[in-house]
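Enquirer: I'm passing along run_2.cif; it holds mmCIF, C-alpha atoms and all ligand atoms.
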data_structure
loop_
_atom_site.label_atom_id
_atom_site.label_comp_id
_atom_site.auth_asym_id
_atom_site.auth_seq_id
_atom_site.Cartn_x
_atom_site.Cartn_y
_atom_site.Cartn_z
CA MET A 1 -6.87 -83.45 125.37
CA MET A 2 -10.55 -83.20 124.45
CA ARG A 3 -11.34 -83.51 120.74
CA PHE A 4 -13.99 -81.41 119.07
CA GLU A 5 -13.63 -82.81 115.56
CA THR A 6 -15.58 -85.87 114.42
CA ASP A 7 -13.89 -89.26 114.42
CA HIS A 8 -13.96 -91.37 111.24
CA ARG A 9 -17.50 -92.56 112.05
CA GLY A 10 -18.78 -89.05 112.52
CA PHE A 11 -18.88 -88.96 116.32
CA TYR A 12 -18.11 -86.06 118.60
CA GLY A 13 -17.52 -88.15 121.72
CA ALA A 14 -20.86 -89.76 122.52
CA PHE A 15 -22.83 -87.78 119.93
CA GLY A 16 -23.23 -87.88 116.16
CA GLY A 17 -22.93 -90.85 113.80
CA ALA A 18 -25.24 -91.77 110.94
CA TYR A 19 -28.41 -93.60 112.02
CA ILE A 20 -30.19 -93.91 108.71
CA PRO A 21 -32.53 -96.30 106.90
CA GLU A 22 -30.72 -98.68 104.54
CA MET A 23 -32.33 -96.96 101.55
CA LEU A 24 -30.26 -93.84 102.30
CA TYR A 25 -26.87 -95.60 102.42
CA PRO A 26 -25.90 -94.89 98.79
CA ASN A 27 -26.62 -91.15 99.11
CA ILE A 28 -24.86 -90.71 102.43
CA ARG A 29 -21.93 -92.86 101.41
CA GLU A 30 -21.41 -90.94 98.17
CA LEU A 31 -21.37 -87.68 100.13
CA GLU A 32 -19.15 -89.00 102.90
CA GLU A 33 -16.59 -90.43 100.51
CA ASN A 34 -16.30 -87.21 98.53
CA TYR A 35 -17.02 -84.14 100.63
CA LEU A 36 -13.54 -83.58 102.12
CA ARG A 37 -11.79 -84.09 98.80
CA ILE A 38 -14.16 -81.63 97.13
CA ILE A 39 -13.97 -79.02 99.91
CA HIS A 40 -10.16 -79.16 100.01
CA SER A 41 -9.73 -78.86 96.23
CA ASP A 42 -8.31 -75.59 94.90
CA GLY A 43 -11.22 -75.15 92.49
CA PHE A 44 -13.79 -75.39 95.28
CA GLN A 45 -11.92 -73.09 97.66
CA GLU A 46 -11.45 -70.44 95.02
CA GLU A 47 -15.11 -70.43 94.03
CA PHE A 48 -16.41 -70.67 97.61
CA ARG A 49 -14.36 -67.63 98.67
CA ARG A 50 -15.31 -65.66 95.59
CA LEU A 51 -19.03 -66.29 96.11
CA LEU A 52 -18.89 -65.51 99.83
CA ARG A 53 -17.20 -62.22 98.97
CA ASP A 54 -19.06 -61.06 95.85
CA PHE A 55 -22.44 -62.74 96.24
CA ALA A 56 -23.01 -63.08 100.00
CA GLY A 57 -21.15 -59.89 100.96
CA ARG A 58 -18.37 -61.22 103.20
CA PRO A 59 -16.45 -60.48 105.29
CA THR A 60 -19.20 -59.27 107.59
CA PRO A 61 -18.13 -56.44 109.92
CA LEU A 62 -17.18 -56.87 113.57
CA TYR A 63 -18.89 -53.87 115.09
CA GLU A 64 -18.03 -52.45 118.51
CA ALA A 65 -21.35 -51.71 120.20
CA LEU A 66 -20.37 -48.76 122.41
CA ARG A 67 -23.74 -48.03 123.99
CA LEU A 68 -24.41 -51.69 124.80
CA SER A 69 -20.84 -51.87 126.17
CA ASP A 70 -21.59 -48.97 128.51
CA TYR A 71 -24.86 -50.52 129.57
CA TYR A 72 -23.43 -53.97 130.38
CA GLY A 73 -19.98 -52.92 131.61
CA ALA A 74 -17.85 -54.91 129.14
CA ARG A 75 -16.39 -54.39 125.67
CA ILE A 76 -19.12 -55.77 123.41
CA PHE A 77 -18.70 -56.52 119.71
CA LEU A 78 -21.40 -57.70 117.30
CA LYS A 79 -20.41 -60.06 114.46
CA ARG A 80 -22.75 -58.78 111.76
CA GLU A 81 -24.09 -61.94 110.07
CA ASP A 82 -27.33 -59.98 109.66
CA LEU A 83 -25.62 -58.06 106.83
CA ASN A 84 -25.23 -61.16 104.67
CA HIS A 85 -27.28 -61.50 101.48
CA THR A 86 -30.70 -62.96 102.48
CA GLY A 87 -30.27 -61.63 106.01
CA ALA A 88 -28.60 -64.36 108.05
CA HIS A 89 -25.65 -66.76 108.33
CA LYS A 90 -27.60 -69.49 106.44
CA ILE A 91 -26.19 -68.37 103.08
CA ASN A 92 -22.63 -69.45 104.11
CA ASN A 93 -23.80 -73.05 104.22
CA THR A 94 -26.01 -73.04 101.12
CA VAL A 95 -23.24 -71.47 99.00
CA GLY A 96 -20.91 -74.29 100.13
CA GLN A 97 -23.41 -77.10 99.62
CA ILE A 98 -24.55 -75.98 96.16
CA LEU A 99 -20.91 -76.18 95.04
CA VAL A 100 -20.58 -79.68 96.53
CA ALA A 101 -23.78 -80.68 94.69
CA GLY A 102 -22.28 -79.35 91.46
CA HIS A 103 -19.07 -81.36 91.95
CA LEU A 104 -21.19 -84.48 92.53
CA GLY A 105 -23.10 -83.83 89.29
CA LYS A 106 -26.49 -83.36 91.02
CA LYS A 107 -29.27 -81.64 89.07
CA ARG A 108 -32.02 -81.36 91.66
CA ILE A 109 -31.89 -79.79 95.13
CA ILE A 110 -34.22 -80.40 98.06
CA ALA A 111 -34.33 -78.68 101.45
CA GLU A 112 -36.44 -78.41 104.60
CA THR A 113 -37.28 -75.12 106.24
CA GLY A 114 -39.03 -73.87 109.37
CA ALA A 115 -39.12 -70.07 109.48
CA GLY A 116 -38.17 -70.06 105.82
CA GLN A 117 -34.70 -68.51 106.17
CA HIS A 118 -32.93 -71.68 105.05
CA GLY A 119 -35.51 -72.18 102.30
CA VAL A 120 -34.83 -68.69 100.95
CA ALA A 121 -31.04 -69.17 101.19
CA THR A 122 -31.38 -72.47 99.30
CA ALA A 123 -33.73 -71.07 96.63
CA THR A 124 -31.24 -68.22 96.19
CA VAL A 125 -28.21 -70.40 95.42
CA CYS A 126 -30.31 -72.73 93.23
CA ALA A 127 -31.49 -69.79 91.11
CA ARG A 128 -27.86 -68.72 90.63
CA ALA A 129 -26.79 -72.26 89.72
CA GLY A 130 -29.81 -72.93 87.48
CA LEU A 131 -30.84 -76.03 89.46
CA ASP A 132 -34.35 -77.22 90.34
CA CYS A 133 -35.24 -76.48 93.97
CA ILE A 134 -37.94 -78.14 96.07
CA VAL A 135 -38.46 -76.87 99.60
CA TYR A 136 -40.47 -78.88 102.13
CA MET A 137 -42.21 -76.74 104.72
CA GLY A 138 -44.78 -77.59 107.38
CA ALA A 139 -48.24 -76.39 106.30
CA LEU A 140 -48.52 -74.34 109.50
CA ASP A 141 -45.19 -72.62 108.80
CA VAL A 142 -46.27 -71.92 105.20
CA GLU A 143 -49.12 -69.89 106.68
CA ARG A 144 -47.06 -68.23 109.43
CA GLN A 145 -44.11 -67.29 107.21
CA ALA A 146 -45.88 -65.99 104.09
CA PRO A 147 -43.23 -63.38 103.11
CA ASN A 148 -40.49 -66.02 102.91
CA VAL A 149 -42.77 -68.36 100.92
CA LYS A 150 -43.29 -65.54 98.41
CA LYS A 151 -39.53 -64.99 98.13
CA MET A 152 -38.88 -68.68 97.47
CA LYS A 153 -41.54 -68.68 94.73
CA MET A 154 -40.13 -65.56 93.09
CA LEU A 155 -36.71 -67.23 93.11
CA GLY A 156 -38.23 -70.15 91.20
CA ALA A 157 -38.43 -72.75 93.97
CA GLU A 158 -41.33 -75.12 94.46
CA VAL A 159 -42.64 -74.94 98.05
CA VAL A 160 -44.33 -78.15 99.19
CA PRO A 161 -46.60 -77.76 102.26
CA VAL A 162 -46.32 -80.80 104.56
CA GLN A 163 -49.59 -81.86 106.18
CA CYS A 164 -48.27 -84.52 108.63
CA GLY A 165 -47.68 -84.27 112.38
CA ASN A 166 -48.03 -80.77 113.79
CA LYS A 167 -47.08 -79.39 110.37
CA THR A 168 -43.78 -77.74 111.36
CA LEU A 169 -40.02 -78.20 110.88
CA LYS A 170 -39.70 -81.75 112.19
CA ASP A 171 -42.38 -82.96 109.75
CA ALA A 172 -40.83 -81.03 106.85
CA THR A 173 -37.50 -82.75 107.59
CA ASN A 174 -39.11 -86.21 107.53
CA GLU A 175 -40.67 -85.41 104.16
CA ALA A 176 -37.37 -84.18 102.68
CA ILE A 177 -35.66 -87.41 103.79
CA ARG A 178 -38.46 -89.39 102.12
CA ASP A 179 -37.93 -87.48 98.88
CA TRP A 180 -34.17 -88.16 99.01
CA ILE A 181 -34.76 -91.89 99.41
CA ASN A 182 -36.92 -91.79 96.27
CA HIS A 183 -34.36 -89.81 94.23
CA PRO A 184 -30.98 -91.29 95.22
CA VAL A 185 -29.10 -90.54 91.99
CA ASP A 186 -29.81 -86.99 90.80
CA THR A 187 -30.70 -85.17 94.05
CA HIS A 188 -28.69 -83.43 96.78
CA TYR A 189 -30.34 -82.62 100.11
CA ILE A 190 -29.14 -79.28 101.52
CA ILE A 191 -29.64 -79.56 105.29
CA GLY A 192 -29.87 -76.16 106.97
CA SER A 193 -28.00 -76.65 110.23
CA VAL A 194 -25.32 -78.77 111.93
CA VAL A 195 -27.80 -81.61 112.36
CA GLY A 196 -28.60 -84.85 110.52
CA PRO A 197 -26.43 -87.88 109.81
CA HIS A 198 -22.64 -87.69 109.37
CA PRO A 199 -21.13 -85.99 107.34
CA TYR A 200 -23.68 -83.13 107.50
CA PRO A 201 -22.79 -81.75 110.96
CA ASP A 202 -19.08 -81.65 110.07
CA MET A 203 -19.64 -80.29 106.56
CA VAL A 204 -21.98 -77.50 107.70
CA THR A 205 -19.62 -76.61 110.58
CA ARG A 206 -16.76 -76.21 108.09
CA PHE A 207 -18.82 -73.88 105.89
CA GLN A 208 -19.98 -71.78 108.86
CA SER A 209 -16.45 -71.63 110.37
CA VAL A 210 -15.79 -68.66 108.08
CA ILE A 211 -17.45 -66.65 110.88
CA SER A 212 -14.79 -67.31 113.53
CA GLY A 213 -12.04 -67.25 110.90
CA GLU A 214 -12.91 -63.62 110.15
CA MET A 215 -13.47 -62.87 113.82
CA LYS A 216 -9.85 -63.77 114.59
CA ARG A 217 -8.45 -61.29 112.10
CA GLN A 218 -10.92 -58.58 113.06
CA LEU A 219 -10.30 -58.91 116.80
CA LYS A 220 -6.57 -58.72 116.23
CA GLU A 221 -7.06 -55.39 114.43
CA LYS A 222 -9.44 -53.94 116.99
CA THR A 223 -8.13 -55.29 120.30
CA ASP A 224 -4.51 -56.39 119.70
CA ARG A 225 -5.52 -59.94 120.60
CA ASP A 226 -7.07 -62.43 118.21
CA TYR A 227 -9.45 -63.98 120.74
CA PRO A 228 -12.26 -62.68 122.96
CA ASP A 229 -13.10 -63.63 126.56
CA TYR A 230 -16.63 -64.67 125.58
CA ILE A 231 -18.54 -65.67 122.45
CA LEU A 232 -22.34 -65.76 122.71
CA ALA A 233 -24.54 -67.43 120.11
CA CYS A 234 -28.16 -68.58 119.99
CA VAL A 235 -28.74 -72.28 119.33
CA GLY A 236 -31.52 -73.81 117.28
CA GLY A 237 -29.73 -76.64 115.49
CA GLY A 238 -26.45 -74.92 116.30
CA SER A 239 -24.93 -73.83 112.98
CA ASN A 240 -24.31 -70.15 113.76
CA ALA A 241 -22.88 -71.16 117.15
CA ALA A 242 -20.65 -73.86 115.61
CA GLY A 243 -19.33 -71.34 113.09
CA ALA A 244 -18.69 -68.64 115.69
CA PHE A 245 -16.98 -71.08 118.09
CA TYR A 246 -15.03 -73.20 115.58
CA HIS A 247 -11.57 -71.61 115.58
CA TYR A 248 -11.62 -71.29 119.39
CA LEU A 249 -12.84 -74.76 120.33
CA GLU A 250 -9.50 -75.79 121.79
CA GLN A 251 -8.60 -72.38 123.17
CA TYR A 252 -9.89 -72.58 126.73
CA ALA A 253 -9.32 -68.89 127.53
CA VAL A 254 -12.40 -68.27 125.38
CA ASN A 255 -15.71 -68.87 127.17
CA LEU A 256 -18.19 -70.35 124.70
CA VAL A 257 -21.81 -69.56 125.53
CA SER A 258 -24.77 -71.32 123.86
CA VAL A 259 -28.12 -69.67 124.38
CA GLU A 260 -31.25 -71.73 123.93
CA ALA A 261 -34.90 -70.71 123.79
CA ALA A 262 -36.59 -71.11 127.17
CA GLY A 263 -39.96 -70.25 125.61
CA ARG A 264 -42.38 -69.44 128.45
CA GLY A 265 -39.85 -70.79 131.00
CA ILE A 266 -37.74 -73.94 130.97
CA HIS A 267 -40.12 -75.80 133.28
CA SER A 268 -43.33 -74.46 131.73
CA GLY A 269 -43.80 -77.30 129.24
CA PHE A 270 -43.52 -74.67 126.48
CA THR A 271 -39.81 -74.54 125.75
CA ALA A 272 -37.04 -75.42 123.32
CA ALA A 273 -34.16 -75.53 125.86
CA THR A 274 -32.93 -78.73 124.27
CA SER A 275 -29.54 -79.40 125.82
CA LEU A 276 -30.65 -78.19 129.25
CA LEU A 277 -33.69 -80.50 129.35
CA GLY A 278 -32.70 -83.14 126.81
CA SER A 279 -31.36 -86.65 127.15
CA PRO A 280 -29.46 -88.77 124.61
CA GLY A 281 -31.55 -90.16 121.77
CA ILE A 282 -31.69 -90.35 118.00
CA ILE A 283 -33.34 -87.78 115.77
CA HIS A 284 -33.00 -87.22 112.02
CA GLY A 285 -30.01 -89.52 111.69
CA SER A 286 -27.77 -88.61 114.61
CA ARG A 287 -27.38 -89.41 118.30
CA THR A 288 -27.74 -86.21 120.26
CA LEU A 289 -29.56 -84.50 123.11
CA LEU A 290 -33.27 -84.18 122.52
CA MET A 291 -36.40 -83.41 124.46
CA GLN A 292 -38.28 -86.66 124.96
CA ASP A 293 -40.55 -88.35 127.49
CA GLU A 294 -39.80 -91.59 129.38
CA ASP A 295 -40.99 -93.65 126.38
CA GLY A 296 -38.64 -91.87 124.01
CA GLN A 297 -41.47 -89.90 122.38
CA ILE A 298 -40.27 -86.52 121.22
CA ARG A 299 -41.74 -83.63 123.19
CA GLU A 300 -43.09 -80.84 121.02
CA PRO A 301 -40.80 -77.84 121.30
CA TYR A 302 -42.04 -74.28 121.67
CA SER A 303 -40.39 -70.91 121.13
CA ILE A 304 -41.65 -67.51 120.00
CA SER A 305 -38.88 -67.77 117.40
CA ALA A 306 -39.53 -70.28 114.61
CA GLY A 307 -35.78 -70.72 113.97
CA LEU A 308 -35.15 -72.08 117.51
CA ASP A 309 -38.27 -74.23 117.66
CA TYR A 310 -36.58 -77.63 117.20
CA PRO A 311 -36.59 -80.59 119.66
CA GLY A 312 -32.94 -81.59 119.06
CA VAL A 313 -29.56 -79.91 118.78
CA GLY A 314 -26.52 -80.66 116.59
CA PRO A 315 -24.17 -83.34 117.99
CA LEU A 316 -21.24 -80.89 118.31
CA LEU A 317 -23.36 -78.60 120.46
CA ALA A 318 -24.52 -81.57 122.55
CA TRP A 319 -20.88 -82.56 123.06
CA LEU A 320 -19.81 -79.01 123.99
CA ALA A 321 -22.63 -78.88 126.54
CA GLY A 322 -22.00 -82.40 127.83
CA THR A 323 -18.27 -81.84 128.37
CA GLY A 324 -18.76 -78.40 129.88
CA ARG A 325 -16.68 -76.78 127.12
CA ALA A 326 -19.63 -74.50 126.43
CA SER A 327 -21.91 -73.02 129.07
CA VAL A 328 -25.57 -73.21 128.23
CA TYR A 329 -28.04 -70.45 129.10
CA ALA A 330 -31.71 -70.13 128.20
CA ALA A 331 -33.63 -66.94 127.49
CA THR A 332 -37.42 -66.71 127.63
CA ASP A 333 -39.63 -65.22 124.90
CA GLU A 334 -40.04 -62.10 127.02
CA GLU A 335 -36.31 -61.72 127.74
CA ALA A 336 -35.55 -62.07 124.03
CA LEU A 337 -38.17 -59.45 123.09
CA GLN A 338 -36.73 -56.96 125.59
CA ALA A 339 -33.17 -57.64 124.41
CA ALA A 340 -34.21 -57.00 120.79
CA LEU A 341 -35.79 -53.70 121.81
CA LEU A 342 -32.67 -52.67 123.75
CA CYS A 343 -30.40 -53.48 120.78
CA ALA A 344 -32.66 -51.51 118.45
CA ARG A 345 -32.79 -48.46 120.72
CA LYS A 346 -29.12 -48.47 121.80
CA GLU A 347 -27.39 -49.52 118.58
CA GLY A 348 -29.83 -48.89 115.73
CA ILE A 349 -29.87 -52.59 114.82
CA ILE A 350 -33.05 -54.69 114.78
CA PRO A 351 -31.94 -58.30 115.30
CA ALA A 352 -33.76 -61.50 114.34
CA LEU A 353 -35.83 -63.00 117.17
CA GLU A 354 -33.44 -65.98 117.25
CA THR A 355 -30.47 -63.64 117.69
CA ALA A 356 -32.30 -61.71 120.41
CA HIS A 357 -31.92 -64.79 122.64
CA ALA A 358 -28.12 -64.49 122.45
CA LEU A 359 -28.37 -60.77 123.28
CA ALA A 360 -30.58 -61.59 126.28
CA ALA A 361 -27.76 -63.63 127.82
CA LEU A 362 -25.73 -60.41 128.20
CA GLU A 363 -27.97 -59.80 131.23
CA MET A 364 -27.04 -63.13 132.81
CA ILE A 365 -23.23 -63.09 132.81
CA PRO A 366 -21.22 -61.12 135.39
CA PHE A 367 -18.63 -59.48 133.09
CA ARG A 368 -15.55 -57.52 134.14
CA ARG A 369 -15.11 -54.08 132.54
CA GLU A 370 -12.10 -55.23 130.45
CA ASP A 371 -13.77 -58.39 129.10
CA VAL A 372 -14.00 -58.63 125.31
CA VAL A 373 -17.37 -60.14 124.38
CA VAL A 374 -18.53 -61.10 120.89
CA VAL A 375 -22.23 -61.70 120.23
CA ASN A 376 -22.84 -63.50 116.96
CA LEU A 377 -25.61 -61.40 115.39
CA SER A 378 -26.95 -64.31 113.35
CA GLY A 379 -29.68 -62.47 111.43
CA ARG A 380 -31.80 -59.38 110.92
CA GLY A 381 -35.28 -58.73 112.25
CA ASP A 382 -37.24 -57.84 109.09
CA LYS A 383 -39.05 -61.17 109.13
CA ASP A 384 -40.04 -60.65 112.79
CA MET A 385 -41.48 -57.13 112.63
CA GLU A 386 -45.07 -58.28 113.05
CA THR A 387 -44.20 -60.18 116.21
CA TYR A 388 -42.18 -57.27 117.62
CA ILE A 389 -44.90 -54.70 116.93
CA ASP A 390 -47.56 -56.97 118.35
CA LYS A 391 -45.75 -58.27 121.47
CA LEU A 392 -43.88 -55.11 122.41
CA GLY A 393 -46.97 -52.96 121.98
CA ILE A 394 -45.10 -50.43 119.84
C1 LIG B 1 -32.00 -70.43 111.39
C2 LIG B 1 -31.54 -69.35 112.30
C3 LIG B 1 -31.01 -69.63 113.58
C4 LIG B 1 -30.98 -71.01 114.17
O1 LIG B 1 -30.21 -71.92 113.49
P1 LIG B 1 -28.77 -72.39 113.97
O2 LIG B 1 -28.47 -73.55 113.10
O3 LIG B 1 -28.87 -72.75 115.42
O4 LIG B 1 -27.85 -71.26 113.76
C5 LIG B 1 -30.52 -68.57 114.32
N1 LIG B 1 -30.57 -67.30 113.87
C6 LIG B 1 -31.09 -66.99 112.67
C7 LIG B 1 -31.12 -65.56 112.24
C8 LIG B 1 -31.59 -68.01 111.84
O5 LIG B 1 -32.12 -67.68 110.65
#
Please go through the file and, once you have read it, give me the structure as structure tokens.
Expert:
Amino acid sequence: MMRFETDHRGFYGAFGGAYIPEMLYPNIRELEENYLRIIHSDGFQEEFRRLLRDFAGRPTPLYEALRLSDYYGARIFLKREDLNHTGAHKINNTVGQILVAGHLGKKRIIAETGAGQHGVATATVCARAGLDCIVYMGALDVERQAPNVKKMKMLGAEVVPVQCGNKTLKDATNEAIRDWINHPVDTHYIIGSVVGPHPYPDMVTRFQSVISGEMKRQLKEKTDRDYPDYILACVGGGSNAAGAFYHYLEQYAVNLVSVEAAGRGIHSGFTAATSLLGSPGIIHGSRTLLMQDEDGQIREPYSISAGLDYPGVGPLLAWLAGTGRASVYAATDEEALQAALLCARKEGIIPALETAHALAALEMIPFRREDVVVVNLSGRGDKDMETYIDKLGI
């Protein structure tokens, strides 16, 4: 029997673990020794559920997309994570982690962000909790994602532009880790996906698993069966996919489909198809699949969507790909743009560019008419309107 939970050292099979500088041991150990006890406590569970319901707006609907169903010849449902407060699934994780930080007595929160969605979700929960919030963001992303920078500032966060490297997500992450090393006692680092050293991938997966937990109940109501034939999710770090897959990991009747960003084509040199092109290596504290050259230098990723533009992937997603439990597809920039347009015109829903990659995979799978397919609609497209208008020539 294949296992899809971490072992006591934080490994999913060959992937995971905690490869960290010695200076980080106290922080990681404190978190590792306490997170399960905190998460399982009655007080935490009660508050987590209350906040997800009354603050984030859960449960999110499972919507049967009738016109897309007609078009693709299968029964297609959309899990509406786009309807969450702040516009994506990211809030599920930040609500969980801010409570953990509170239980650990932390007074200061740091985070990294690329497109700014995780930064906004973190600034949001910090404002509510009355905690200081510092968000590290590549200087290039600060320019590209101005609306989200403004939101973080209005919410009271300090946004620190990072000038190293190519000034994007990878560099922001390095800077956040550096900050954490310098503030080991009072600071909690809210990582935005199922990446980083153990216990982050497991902790974030648990918080995002609310997605498939709801899906089970909702499918039972709408289809008389609590599982679908397929679940499709886009993969940047892999947190929306991990959450949408979680309760079905050991149920093999459910086909799990990860969709990565092919960029301009997976062999174009401009791509973020990490588990398709990657090989095992270590990035940001865990052993996983990453895009690297023969010398182990990380290859710069590229995607039209800032949220998928990351050279690694969470260790659970690497393990699901490596064992064949999940199938991995890749959608190009152009395929994602067309899929977003189709969803807008057929269903009246403008998806995030990240999400559009998952929708694009509907074209690639030969469904049967009776198949039940769930696409995890990870976020809404407001932040991407400029790109859509520009690239689609609307
Ligand atoms: C951040 C983001 C993603 C990518 O992150 P994962 O951890 O892979 O889920 C996908 N969709 C949206 C809308 C996002 O904001």
Enquirer: Residues within 9 Å of ligand LIG 1 (chain B) should be enumerated using only C-alpha atoms and all ligand atoms and returned as a PyMOL selection string.
Expert: chain A and resi 81-82+87-90+113-118+192-195+233-243+260+305-309+313-314+351-356+377-381
Enquirer: Taking into account only C-alpha atoms, which residue in the set A:Arg178, A:Arg9, A:Lys107, A:Arg37 is nearest to Leu24 in chain A?
Expert: A:Arg178
Enquirer: Measuring between only C-alpha atoms, which one of A:Asp202, A:Asp293, A:Asp229, A:Asp382 shows the shortest distance to Glu32 in chain A?
Expert: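 Ranked by minimum distance to Glu32 in chain A, first place goes to A:Asp202.
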Enquirer: Can you pull out the residues contacting range 210-215 of chain A? Cut-off 10 Å, using only C-alpha atoms, and skip same-chain residues under 5 positions away; I want them as a PyMOL selection string.
Expert: chain A and resi 49+52+58-62+79-81+89+92-93+205+220-221+226-228+231+240-248+374+376
Enquirer: Just the number, please: distance in Å from CA of Asn182 in chain A to CA of Lys106 in chain A, one decimal.
Expert: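 These two atoms are separated by 14.4 Å.
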Enquirer: Once 4 Å is added on each side, what centre and edge lengths in Å to one decimal does the axis-aligned box around all listed atoms of range 86-103 of chain A have, as JSON?
Expert:
{"center_x": -24.9, "center_y": -71.5, "center_z": 99.9, "size_x": 19.6, "size_y": 27.7, "size_z": 24.9}
Enquirer: Rounded to one decimal place, report the CA of Gln163 in chain A-CA of Met137 in chain A distance in Å.
Expert: 9.1 Å
Enquirer: Which residue is closest to Ile190 in chain A? Choose from A:Arg53, A:Val162, A:Cys126, A:Leu155 and count all atoms listed in the file.
Expert: A:Cys126
Enquirer: Within 12 Å of His188 in chain A, counting all atoms listed in the file, which residues show up once you throw out same-chain ones fewer than 4 positions away? Write them as a ChimeraX atom specification, please.
Expert: /A:24,26-28,30-31,94,97-111,122,126,131-134,176-177,179-184,200
Enquirer: Excluding Gly10 in chain A and residues on its chain fewer than 5 positions from it, collect all residues at most 9 Å away from it, counting only C-alpha atoms, and give them as number ranges by chain.
Expert: A: 5, 15-18, 197-199, 201-202
Enquirer: When you count only C-alpha atoms, which of these residues is closest to Tyr12 in chain A: A:Pro315, A:Pro301, A:Gly265, A:Gly285?
Expert: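 Comparing A:Pro315, A:Pro301, A:Gly265, A:Gly285 against Tyr12 in chain A, the winner is A:Pro315.
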Enquirer: Could I get the residues of range 170-285 of chain A with an atom no further than 12 Å from an atom of range 328-342 of chain A, each paired with its nearest atom pair and that distance in Å to one decimal, using all atoms listed in the file, sorted by chain and residue number, as CSV?
Expert:
residue,atom,partner,partner_atom,distance
A:Ile231,CA,A:Val328,CA,11.8
A:Leu232,CA,A:Tyr329,CA,9.8
A:Ala233,CA,A:Val328,CA,10.0
A:Cys234,CA,A:Ala330,CA,9.1
A:Val235,CA,A:Val328,CA,9.5
A:Gly236,CA,A:Ala330,CA,11.5
A:Ala241,CA,A:Val328,CA,11.6
A:Asn255,CA,A:Val328,CA,10.8
A:Leu256,CA,A:Val328,CA,8.7
A:Val257,CA,A:Val328,CA,5.9
A:Ser258,CA,A:Val328,CA,4.8
A:Val259,CA,A:Tyr329,CA,4.8
A:Glu260,CA,A:Ala330,CA,4.6
A:Ala261,CA,A:Ala331,CA,5.4
A:Ala262,CA,A:Thr332,CA,4.5
A:Gly263,CA,A:Thr332,CA,4.8
A:Arg264,CA,A:Thr332,CA,5.7
A:Gly265,CA,A:Thr332,CA,5.8
A:Ile266,CA,A:Ala330,CA,7.7
A:His267,CA,A:Thr332,CA,11.0
A:Ser268,CA,A:Thr332,CA,10.6
A:Phe270,CA,A:Thr332,CA,10.1
A:Thr271,CA,A:Thr332,CA,8.4
A:Ala272,CA,A:Ala330,CA,9.0
A:Ala273,CA,A:Ala330,CA,6.4
A:Thr274,CA,A:Ala330,CA,9.5
A:Ser275,CA,A:Val328,CA,7.7
A:Leu276,CA,A:Val328,CA,7.2
A:Leu277,CA,A:Ala330,CA,10.6
Enquirer: Take the residues just selected and output them with C-alpha atoms as a PDB file, in the coordinates of the input.
Expert:
ATOM      1  CA  ILE A 231     -18.540 -65.670 122.450  1.00  0.00           C
ATOM      2  CA  LEU A 232     -22.340 -65.760 122.710  1.00  0.00           C
ATOM      3  CA  ALA A 233     -24.540 -67.430 120.110  1.00  0.00           C
ATOM      4  CA  CYS A 234     -28.160 -68.580 119.990  1.00  0.00           C
ATOM      5  CA  VAL A 235     -28.740 -72.280 119.330  1.00  0.00           C
ATOM      6  CA  GLY A 236     -31.520 -73.810 117.280  1.00  0.00           C
ATOM      7  CA  ALA A 241     -22.880 -71.160 117.150  1.00  0.00           C
ATOM      8  CA  ASN A 255     -15.710 -68.870 127.170  1.00  0.00           C
ATOM      9  CA  LEU A 256     -18.190 -70.350 124.700  1.00  0.00           C
ATOM     10  CA  VAL A 257     -21.810 -69.560 125.530  1.00  0.00           C
ATOM     11  CA  SER A 258     -24.770 -71.320 123.860  1.00  0.00           C
ATOM     12  CA  VAL A 259     -28.120 -69.670 124.380  1.00  0.00           C
ATOM     13  CA  GLU A 260     -31.250 -71.730 123.930  1.00  0.00           C
ATOM     14  CA  ALA A 261     -34.900 -70.710 123.790  1.00  0.00           C
ATOM     15  CA  ALA A 262     -36.590 -71.110 127.170  1.00  0.00           C
ATOM     16  CA  GLY A 263     -39.960 -70.250 125.610  1.00  0.00           C
ATOM     17  CA  ARG A 264     -42.380 -69.440 128.450  1.00  0.00           C
ATOM     18  CA  GLY A 265     -39.850 -70.790 131.000  1.00  0.00           C
ATOM     19  CA  ILE A 266     -37.740 -73.940 130.970  1.00  0.00           C
ATOM     20  CA  HIS A 267     -40.120 -75.800 133.280  1.00  0.00           C
ATOM     21  CA  SER A 268     -43.330 -74.460 131.730  1.00  0.00           C
ATOM     22  CA  PHE A 270     -43.520 -74.670 126.480  1.00  0.00           C
ATOM     23  CA  THR A 271     -39.810 -74.540 125.750  1.00  0.00           C
ATOM     24  CA  ALA A 272     -37.040 -75.420 123.320  1.00  0.00           C
ATOM     25  CA  ALA A 273     -34.160 -75.530 125.860  1.00  0.00           C
ATOM     26  CA  THR A 274     -32.930 -78.730 124.270  1.00  0.00           C
ATOM     27  CA  SER A 275     -29.540 -79.400 125.820  1.00  0.00           C
ATOM     28  CA  LEU A 276     -30.650 -78.190 129.250  1.00  0.00           C
ATOM     29  CA  LEU A 277     -33.690 -80.500 129.350  1.00  0.00           C
TER      30      LEU A 277
END
